[in-house]
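Scroll down for the structure; my scribbles are underneath it.
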Amino acid sequence: RALPSTTYHAIVGAVAAGLAGERVAFECSAALCAFAPDDTARMFLATQVIDEARHVEVFTHRLKSLGKDDVDGTLRKYVNPRMFAFHDHMRARVVDSRDFVGGVIGQNLALEGLALGFFEFNAALLEDVDPGTSQMLKTVLLDERRHVGFGLMRLRSLLDHQPEKRAQVEDTV
């Protein structure tokens, strides 16, 4: 029996890394929604929770269609341990500490910003090799752009209306 190709492993690795990030985003956006300071933020974050749940679902389905039924084992094998450390950090910062500003910076700017570049790169890389995964990434990108936009607008508004928070924001960044 032939071993899977390096291309197969690259595709599995990209999907696994995407899923790991989407799991962080799902958990954090749900927590941020629960303690958002106003209805506007709560409504946006509610839509983001739905987006992230859909992303987790499609990435999980894609891994299984690639023959990776042990999803957690696949993540441990293919995903950089730093992603799991980031997940733990975000859980402590957002879920446990209820730090809305830190959560928006970590979730909507850092994580979602990284996702933009990661998904754009892999969508282009896989376009001819695996059009299905490439299209999935392009579709997820539509949501990721909205999520980053929310983070930028929310942070700008915070600094405009509460300039005394600038030191906290700069420290978090």
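Just so we're on the same page: first chain in the structure tokens is A, next is B, and so on; residues restart at 1 for each chain, and ligands are numbered from 1 in the order they show up.
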Residues of segment 72-126 of chain A that approach segment 23-39 of chain A to 8 Å or less, counting only C-alpha atoms: could you list each one with the shortest pair of atoms and its distance in Å to one decimal, rows by chain and increasing residue number, as a Markdown table?
```
| residue | atom | partner | partner_atom | distance |
| --- | --- | --- | --- | --- |
| A:His87 | CA | A:Val24 | CA | 5.6 |
| A:Met90 | CA | A:Cys28 | CA | 7.2 |
| A:Arg91 | CA | A:Cys28 | CA | 7.0 |
| A:Val94 | CA | A:Cys28 | CA | 6.4 |
| A:Val95 | CA | A:Ala31 | CA | 5.5 |
| A:Arg98 | CA | A:Phe35 | CA | 7.0 |
| A:Phe100 | CA | A:Leu32 | CA | 6.3 |
| A:Gly103 | CA | A:Leu32 | CA | 6.9 |
| A:Val104 | CA | A:Leu32 | CA | 7.8 |
| A:Gln107 | CA | A:Ala25 | CA | 6.4 |
| A:Leu111 | CA | A:Ala25 | CA | 7.6 |
| A:Glu112 | CA | A:Ala25 | CA | 8.0 |
```
Could you list, with a cut-off of 12 Å and counting only C-alpha atoms, the residues of segment 17-114 of chain A near segment 121-128 of chain A, each shown with its nearest atom pair and the distance in Å rounded to one decimal, rows sorted by chain and ascending number, as JSON lines?
```
{"residue": "A:Ala17", "atom": "CA", "partner": "A:Asn122", "partner_atom": "CA", "distance": 10.9}
{"residue": "A:Gly18", "atom": "CA", "partner": "A:Asn122", "partner_atom": "CA", "distance": 10.0}
{"residue": "A:Leu114", "atom": "CA", "partner": "A:Phe121", "partner_atom": "CA", "distance": 10.8}
```
List as a Markdown table every residue of segment 23-141 of chain A that is in contact with segment 148-157 of chain A, defined as an atom at most 8 Å from one of its atoms (using only C-alpha atoms), together with the nearest atom pair and the distance in Å rounded to one decimal, sorted by chain and then rising number.
```
| residue | atom | partner | partner_atom | distance |
| --- | --- | --- | --- | --- |
| A:Phe44 | CA | A:Phe150 | CA | 7.9 |
| A:Val101 | CA | A:Leu155 | CA | 7.8 |
| A:Val104 | CA | A:Gly151 | CA | 5.8 |
| A:Ile105 | CA | A:Gly151 | CA | 6.8 |
| A:Asn108 | CA | A:Gly151 | CA | 4.9 |
| A:Leu109 | CA | A:Val148 | CA | 5.5 |
| A:Glu112 | CA | A:Val148 | CA | 5.9 |
| A:Gly113 | CA | A:Val148 | CA | 6.3 |
```
Write a file of the just-selected residues containing N, CA and C atoms, as a PDB file, in the first residue's frame.
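Wrote it out as result-v8.pdb, contents follow:
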```pdb
ATOM      1  N   PHE A  44     -23.398  41.630  16.732  1.00  0.00           N
ATOM      2  CA  PHE A  44     -22.359  41.220  15.782  1.00  0.00           C
ATOM      3  C   PHE A  44     -21.723  39.917  16.232  1.00  0.00           C
ATOM      4  N   VAL A 101     -11.889  43.971  25.902  1.00  0.00           N
ATOM      5  CA  VAL A 101     -10.931  44.659  25.033  1.00  0.00           C
ATOM      6  C   VAL A 101      -9.820  43.696  24.610  1.00  0.00           C
ATOM      7  N   VAL A 104     -11.215  41.183  22.072  1.00  0.00           N
ATOM      8  CA  VAL A 104     -11.394  41.708  20.718  1.00  0.00           C
ATOM      9  C   VAL A 104     -10.038  41.833  20.022  1.00  0.00           C
ATOM     10  N   ILE A 105      -9.032  42.289  20.759  1.00  0.00           N
ATOM     11  CA  ILE A 105      -7.695  42.406  20.165  1.00  0.00           C
ATOM     12  C   ILE A 105      -7.160  41.019  19.790  1.00  0.00           C
ATOM     13  N   ASN A 108     -10.384  39.198  17.269  1.00  0.00           N
ATOM     14  CA  ASN A 108     -10.791  39.807  16.003  1.00  0.00           C
ATOM     15  C   ASN A 108      -9.653  40.474  15.251  1.00  0.00           C
ATOM     16  N   LEU A 109      -8.570  40.776  15.921  1.00  0.00           N
ATOM     17  CA  LEU A 109      -7.449  41.393  15.215  1.00  0.00           C
ATOM     18  C   LEU A 109      -6.306  40.401  15.025  1.00  0.00           C
ATOM     19  N   GLU A 112      -7.935  36.503  13.807  1.00  0.00           N
ATOM     20  CA  GLU A 112      -8.630  36.641  12.520  1.00  0.00           C
ATOM     21  C   GLU A 112      -7.711  37.280  11.473  1.00  0.00           C
ATOM     22  N   GLY A 113      -6.841  38.191  11.909  1.00  0.00           N
ATOM     23  CA  GLY A 113      -5.881  38.782  10.975  1.00  0.00           C
ATOM     24  C   GLY A 113      -4.906  37.744  10.435  1.00  0.00           C
TER      25      GLY A 113
END
```
Quiz prompt | Residues within 7 Å of Leu141 of chain A, only C-alpha atoms, excluding chain neighbours under 3 positions, as a list in words | solution = Leu116, Phe119, Leu137, Lys138, Glu144 and Arg145 of chain A
Quiz item: Hey, what's within 7 Å of Val15 of chain A if we count only C-alpha atoms and toss same-chain stuff fewer than 3 positions away? As JSON, numbers by chain, please?
Solution: {"A": [11, 12, 18, 19, 59, 63]}
Prev. selection, all heavy atoms, output as a PDB file, in the first residue's frame:
```pdb
ATOM      1  N   ILE A  11      -2.156  19.321   2.505  1.00  0.00           N
ATOM      2  CA  ILE A  11      -3.587  19.659   2.530  1.00  0.00           C
ATOM      3  C   ILE A  11      -4.163  19.367   3.913  1.00  0.00           C
ATOM      4  O   ILE A  11      -4.853  20.212   4.497  1.00  0.00           O
ATOM      5  CB  ILE A  11      -4.349  18.890   1.429  1.00  0.00           C
ATOM      6  CG1 ILE A  11      -3.904  19.380   0.048  1.00  0.00           C
ATOM      7  CG2 ILE A  11      -5.860  19.038   1.606  1.00  0.00           C
ATOM      8  CD1 ILE A  11      -4.356  18.497  -1.103  1.00  0.00           C
ATOM      9  N   VAL A  12      -3.876  18.189   4.451  1.00  0.00           N
ATOM     10  CA  VAL A  12      -4.364  17.847   5.789  1.00  0.00           C
ATOM     11  C   VAL A  12      -3.840  18.854   6.809  1.00  0.00           C
ATOM     12  O   VAL A  12      -4.582  19.319   7.684  1.00  0.00           O
ATOM     13  CB  VAL A  12      -3.978  16.402   6.177  1.00  0.00           C
ATOM     14  CG1 VAL A  12      -4.254  16.131   7.655  1.00  0.00           C
ATOM     15  CG2 VAL A  12      -4.726  15.403   5.307  1.00  0.00           C
ATOM     16  N   GLY A  18      -6.317  25.255  10.114  1.00  0.00           N
ATOM     17  CA  GLY A  18      -7.519  26.091  10.022  1.00  0.00           C
ATOM     18  C   GLY A  18      -8.538  25.702  11.075  1.00  0.00           C
ATOM     19  O   GLY A  18      -9.120  26.567  11.745  1.00  0.00           O
ATOM     20  N   LEU A  19      -8.756  24.410  11.254  1.00  0.00           N
ATOM     21  CA  LEU A  19      -9.717  23.948  12.260  1.00  0.00           C
ATOM     22  C   LEU A  19      -9.286  24.358  13.659  1.00  0.00           C
ATOM     23  O   LEU A  19     -10.118  24.792  14.465  1.00  0.00           O
ATOM     24  CB  LEU A  19      -9.897  22.426  12.171  1.00  0.00           C
ATOM     25  CG  LEU A  19     -10.792  21.800  13.252  1.00  0.00           C
ATOM     26  CD1 LEU A  19     -12.192  22.419  13.258  1.00  0.00           C
ATOM     27  CD2 LEU A  19     -10.865  20.294  13.063  1.00  0.00           C
ATOM     28  N   PHE A  59     -14.554  22.542   8.342  1.00  0.00           N
ATOM     29  CA  PHE A  59     -13.172  22.066   8.454  1.00  0.00           C
ATOM     30  C   PHE A  59     -13.150  20.631   8.992  1.00  0.00           C
ATOM     31  O   PHE A  59     -12.373  19.799   8.510  1.00  0.00           O
ATOM     32  CB  PHE A  59     -12.339  22.983   9.346  1.00  0.00           C
ATOM     33  CG  PHE A  59     -11.803  24.198   8.646  1.00  0.00           C
ATOM     34  CD1 PHE A  59     -12.548  25.365   8.568  1.00  0.00           C
ATOM     35  CD2 PHE A  59     -10.549  24.192   8.057  1.00  0.00           C
ATOM     36  CE1 PHE A  59     -12.068  26.490   7.917  1.00  0.00           C
ATOM     37  CE2 PHE A  59     -10.046  25.305   7.407  1.00  0.00           C
ATOM     38  CZ  PHE A  59     -10.810  26.462   7.331  1.00  0.00           C
ATOM     39  N   LEU A  63     -11.664  17.366   6.981  1.00  0.00           N
ATOM     40  CA  LEU A  63     -10.667  16.421   7.506  1.00  0.00           C
ATOM     41  C   LEU A  63     -11.173  14.989   7.408  1.00  0.00           C
ATOM     42  O   LEU A  63     -10.433  14.088   7.002  1.00  0.00           O
ATOM     43  CB  LEU A  63     -10.324  16.741   8.967  1.00  0.00           C
ATOM     44  CG  LEU A  63      -9.263  17.791   9.222  1.00  0.00           C
ATOM     45  CD1 LEU A  63      -9.028  17.948  10.716  1.00  0.00           C
ATOM     46  CD2 LEU A  63      -7.965  17.482   8.503  1.00  0.00           C
TER      47      LEU A  63
END
```
Quiz prompt | d(atom CA of Asp51 of chain A, atom CA of Gln135 of chain A) in Å | solution =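 Between atom CA of Asp51 of chain A and atom CA of Gln135 of chain A the gap is 16.3 Å.
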